[in-house]
Amino acid sequence: MITRVEIEQWFQNLQDKICKGLEQADGKGKFQEDKWEHHAGGGGRSRVIRNGEVLEKGGVNFSAVSGKMPELLLKTLKVEADTKEELRFHATGVSIVLHPKSPMTPIIHMNVRYFEMTNGTWWFGGGIDLTPHYVSKDLARDFHRRMKAVCDAHHPSYYSEFKPWADEYFYIRHRQETRGIGGIFFDRLSNNDDFDKAARWAFVQDVGNAFVPTYTYQIEQTRNLSYGEEQVHWQRLRRGRYAEFNLVWDRGTKFGLQTNGRTESILMSLPPQANWVYNYQTEEKSPEANTLDLLKKGINWIEE
């Protein structure tokens, strides 16, 4: 049986591997590490990169925290009231958000995590999603094909299940638009008739290992594209939308704050600069308008 300690160690190694790969892809920026402890138990390593050649701001966080199950989470999970005093949780994982300098290079997010309670309940969760400031259909297709390949290596139903889940999850409801072009999202993956813990864990590992080559390709294809102030202005407006989602709808942000997590690590996903313009309207048929037209659920990015 795979142990919590083994999972934690693998996640720490994944953080090391991803930071090294991103530094190589950036060519200039270096991660700075900040170790921290959780008040109830455990802690983590927050690593932040700033003012790189490609990455203006980014974070690659590892955490392994424990504590008493918070009341709001107990209600969400529909745990029986008479067990509340006994239940504690342990959560570990790696969380990444990268904000590039160029508006032609997309924002990317990944989270892979493991959660267990002292009553024996456990599950895996996570996903990867891409948020271009300007949507390139070719790059969107490459991203989704890579995600589908990871899914297909484990079960033919995974992509068809986890892609719509990402569309639904990364949706800015008050704007009626998706955060980006989606990707895959999954939560509470546990034992069932088709999968045991080892199978779920192998899938999560492959998702984590796919991150660096997937994003490196996006960087290589966009880092030398020219842009001006108009594109930077649009980038900051889209960053504003990104911030809105993370602060209003993201479950990870809510969980971290509800469990009295480390605020700096929780909010490292926010962009370095973002703008909000009252009732902003794009020009008809402009590149910005074309991008907005593609921020919808249910797009099949795989097909030509």
# chains A, B, ... in the order shown; residues from 1 in each chain; ligands from 1
$ closest_atom_pairs --of "segment 147-197 of chain A" --to "segment 269-291 of chain A" --cutoff "12 Å" --atoms "only C-alpha atoms" --output "JSON lines"
{"residue": "A:Arg175", "atom": "CA", "partner": "A:Asn279", "partner_atom": "CA", "distance": 11.5}
{"residue": "A:Glu177", "atom": "CA", "partner": "A:Thr291", "partner_atom": "CA", "distance": 10.9}
{"residue": "A:Thr178", "atom": "CA", "partner": "A:Thr291", "partner_atom": "CA", "distance": 11.0}
{"residue": "A:Arg179", "atom": "CA", "partner": "A:Thr291", "partner_atom": "CA", "distance": 11.3}
{"residue": "A:Gly180", "atom": "CA", "partner": "A:Thr291", "partner_atom": "CA", "distance": 9.2}
{"residue": "A:Ile181", "atom": "CA", "partner": "A:Thr291", "partner_atom": "CA", "distance": 9.8}
$ residues_around --residues "Val135 of chain A" --least-positions-apart "4" --cutoff "12 Å" --atoms "only C-alpha atoms" --output "PyMOL selection string"
chain A and resi 103-107+130-131+139-141+143+179-182+218+222+235+238+287-296+301
$ atom_distance --atom1 "atom CA of Glu71 of chain A" --atom2 "atom CA of Ser190 of chain A"
22.5 Å
$ residues_around --residues "Arg223 of chain A" --least-positions-apart "3" --cutoff "7 Å" --atoms "only C-alpha atoms" --output "ChimeraX atom specification"
/A:54,105,219-220
$ atom_distance --atom1 "atom CA of Gly27 of chain A" --atom2 "atom CA of Trp10 of chain A"
25.8 Å
$ select_by_dssp --residues "segment 106-209 of chain A" --states "helix (DSSP H, G or I)" --output "count of residues only"
41
$ atom_distance --atom1 "atom CA of His233 of chain A" --atom2 "atom CA of Ser102 of chain A"
11.3 Å
$ closest_residue --among "A:Ala91, A:Ile184, A:Cys151, A:Met117" --to "Asp167 of chain A" --atoms "only C-alpha atoms"
A:Ile184
$ select_by_dssp --residues "segment 132-287 of chain A" --states "strand (DSSP E)" --output "ChimeraX atom specification"
/A:171-172,177-178,182-189
$ write_last_selection --atoms "N, CA and C atoms" --output "PDB file, in the first residue's frame"
ATOM      1  N   TYR A 171     -14.601  28.281 -14.666  1.00  0.00           N
ATOM      2  CA  TYR A 171     -15.607  29.133 -15.296  1.00  0.00           C
ATOM      3  C   TYR A 171     -15.874  30.314 -14.378  1.00  0.00           C
ATOM      4  N   ILE A 172     -15.734  31.512 -14.927  1.00  0.00           N
ATOM      5  CA  ILE A 172     -15.978  32.733 -14.155  1.00  0.00           C
ATOM      6  C   ILE A 172     -17.462  33.052 -14.293  1.00  0.00           C
ATOM      7  N   GLU A 177     -17.785  33.527 -18.695  1.00  0.00           N
ATOM      8  CA  GLU A 177     -16.719  33.141 -19.604  1.00  0.00           C
ATOM      9  C   GLU A 177     -15.776  32.203 -18.861  1.00  0.00           C
ATOM     10  N   THR A 178     -15.097  31.340 -19.613  1.00  0.00           N
ATOM     11  CA  THR A 178     -14.099  30.474 -18.991  1.00  0.00           C
ATOM     12  C   THR A 178     -12.847  31.277 -18.696  1.00  0.00           C
ATOM     13  N   GLY A 182      -9.146  25.927 -20.620  1.00  0.00           N
ATOM     14  CA  GLY A 182      -9.362  24.722 -19.832  1.00  0.00           C
ATOM     15  C   GLY A 182      -8.177  23.788 -19.867  1.00  0.00           C
ATOM     16  N   GLY A 183      -8.478  22.512 -19.767  1.00  0.00           N
ATOM     17  CA  GLY A 183      -7.459  21.473 -19.677  1.00  0.00           C
ATOM     18  C   GLY A 183      -8.108  20.239 -19.098  1.00  0.00           C
ATOM     19  N   ILE A 184      -7.587  19.763 -17.974  1.00  0.00           N
ATOM     20  CA  ILE A 184      -8.223  18.663 -17.251  1.00  0.00           C
ATOM     21  C   ILE A 184      -8.312  19.032 -15.778  1.00  0.00           C
ATOM     22  N   PHE A 185      -9.363  18.554 -15.133  1.00  0.00           N
ATOM     23  CA  PHE A 185      -9.560  18.776 -13.708  1.00  0.00           C
ATOM     24  C   PHE A 185     -10.221  17.534 -13.132  1.00  0.00           C
ATOM     25  N   PHE A 186      -9.767  17.124 -11.944  1.00  0.00           N
ATOM     26  CA  PHE A 186     -10.347  15.948 -11.295  1.00  0.00           C
ATOM     27  C   PHE A 186     -10.251  16.134  -9.789  1.00  0.00           C
ATOM     28  N   ASP A 187     -11.165  15.526  -9.071  1.00  0.00           N
ATOM     29  CA  ASP A 187     -11.174  15.659  -7.623  1.00  0.00           C
ATOM     30  C   ASP A 187     -11.791  14.412  -6.993  1.00  0.00           C
ATOM     31  N   ARG A 188     -11.377  14.119  -5.771  1.00  0.00           N
ATOM     32  CA  ARG A 188     -11.899  13.007  -4.987  1.00  0.00           C
ATOM     33  C   ARG A 188     -11.800  11.665  -5.732  1.00  0.00           C
ATOM     34  N   LEU A 189     -10.661  11.457  -6.388  1.00  0.00           N
ATOM     35  CA  LEU A 189     -10.417  10.168  -7.037  1.00  0.00           C
ATOM     36  C   LEU A 189      -9.974   9.168  -5.976  1.00  0.00           C
TER      37      LEU A 189
END
$ residues_around --residues "Asn246 of chain A" --least-positions-apart "4" --cutoff "12 Å" --atoms "only C-alpha atoms" --output "JSON, numbers by chain"
{"A": [97, 109, 169, 170, 171, 172, 179, 239, 240, 241, 242, 250, 251, 252, 253, 254, 255, 256, 266, 267, 268, 269, 270, 271]}
$ write_last_selection --atoms "C-alpha atoms" --output "PDB file, in the first residue's frame"
ATOM      1  CA  VAL A  97       0.835  29.292 -11.175  1.00  0.00           C
ATOM      2  CA  HIS A 109      -1.712  26.463 -13.527  1.00  0.00           C
ATOM      3  CA  TYR A 169     -14.651  24.348 -12.795  1.00  0.00           C
ATOM      4  CA  PHE A 170     -12.541  27.082 -14.428  1.00  0.00           C
ATOM      5  CA  TYR A 171     -15.607  29.133 -15.296  1.00  0.00           C
ATOM      6  CA  ILE A 172     -15.978  32.733 -14.155  1.00  0.00           C
ATOM      7  CA  ARG A 179     -10.827  31.484 -17.385  1.00  0.00           C
ATOM      8  CA  ARG A 239      -4.968  39.028 -15.389  1.00  0.00           C
ATOM      9  CA  GLY A 240      -7.766  40.868 -13.632  1.00  0.00           C
ATOM     10  CA  ARG A 241     -10.171  38.140 -14.692  1.00  0.00           C
ATOM     11  CA  TYR A 242      -7.691  35.546 -13.431  1.00  0.00           C
ATOM     12  CA  ASP A 250     -11.239  28.737  -6.500  1.00  0.00           C
ATOM     13  CA  ARG A 251     -11.680  25.925  -3.963  1.00  0.00           C
ATOM     14  CA  GLY A 252      -7.977  25.684  -3.194  1.00  0.00           C
ATOM     15  CA  THR A 253      -7.857  29.322  -2.154  1.00  0.00           C
ATOM     16  CA  LYS A 254     -10.917  28.859   0.035  1.00  0.00           C
ATOM     17  CA  PHE A 255      -9.564  25.665   1.611  1.00  0.00           C
ATOM     18  CA  GLY A 256      -6.236  27.294   2.402  1.00  0.00           C
ATOM     19  CA  ILE A 266      -2.143  30.761  -0.880  1.00  0.00           C
ATOM     20  CA  LEU A 267      -2.201  34.078  -2.732  1.00  0.00           C
ATOM     21  CA  MET A 268       0.980  33.531  -4.750  1.00  0.00           C
ATOM     22  CA  SER A 269      -1.346  32.703  -7.671  1.00  0.00           C
ATOM     23  CA  LEU A 270      -2.262  36.372  -8.101  1.00  0.00           C
ATOM     24  CA  PRO A 271      -0.562  38.262 -10.950  1.00  0.00           C
TER      25      PRO A 271
END
$ residues_around --residues "Lys197 of chain A" --least-positions-apart "3" --cutoff "10 Å" --atoms "only C-alpha atoms" --output "ChimeraX atom specification"
/A:1-2,122-124,189-192,200-202
$ residues_around --residues "Phe203 of chain A" --least-positions-apart "5" --cutoff "12 Å" --atoms "only C-alpha atoms" --output "ChimeraX atom specification"
/A:112-113,124-127,147,149-155,158-159,186,189-190,195-198,208-210
$ write_last_selection --atoms "C-alpha atoms" --output "JSON list (two decimals), in the first residue's frame"
[["chain", "number", "residue", "atom", "x", "y", "z"],
["A", 112, "VAL", "CA", -1.70, 17.73, -7.85],
["A", 113, "ARG", "CA", -2.72, 16.76, -4.34],
["A", 124, "PHE", "CA", -6.40, 12.42, -5.09],
["A", 125, "GLY", "CA", -7.20, 15.59, -6.98],
["A", 126, "GLY", "CA", -5.64, 18.08, -9.35],
["A", 127, "GLY", "CA", -5.39, 19.16, -12.94],
["A", 147, "MET", "CA", -3.50, 16.27, -21.76],
["A", 149, "ALA", "CA", -2.33, 11.51, -24.10],
["A", 150, "VAL", "CA", -1.70, 11.54, -20.33],
["A", 151, "CYS", "CA", -5.33, 10.57, -19.68],
["A", 152, "ASP", "CA", -5.48, 7.89, -22.38],
["A", 153, "ALA", "CA", -2.42, 6.14, -20.93],
["A", 154, "HIS", "CA", -4.52, 5.34, -17.84],
["A", 155, "HIS", "CA", -8.13, 5.02, -18.97],
["A", 158, "TYR", "CA", -10.42, 10.02, -18.33],
["A", 159, "TYR", "CA", -10.11, 12.84, -20.89],
["A", 186, "PHE", "CA", -10.35, 15.95, -11.29],
["A", 189, "LEU", "CA", -10.42, 10.17, -7.04],
["A", 190, "SER", "CA", -10.51, 7.16, -4.73],
["A", 195, "PHE", "CA", -9.22, 1.74, -9.92],
["A", 196, "ASP", "CA", -7.22, 1.09, -6.78],
["A", 197, "LYS", "CA", -4.94, 3.53, -4.98],
["A", 198, "ALA", "CA", -1.89, 2.55, -6.99],
["A", 208, "GLY", "CA", 2.78, 16.07, -12.65],
["A", 209, "ASN", "CA", 5.51, 14.84, -14.97],
["A", 210, "ALA", "CA", 3.72, 16.29, -18.02]]
$ closest_residue --among "A:Lys101, A:Arg50, A:His144, A:His38" --to "Ser66 of chain A" --atoms "only C-alpha atoms"
A:His38
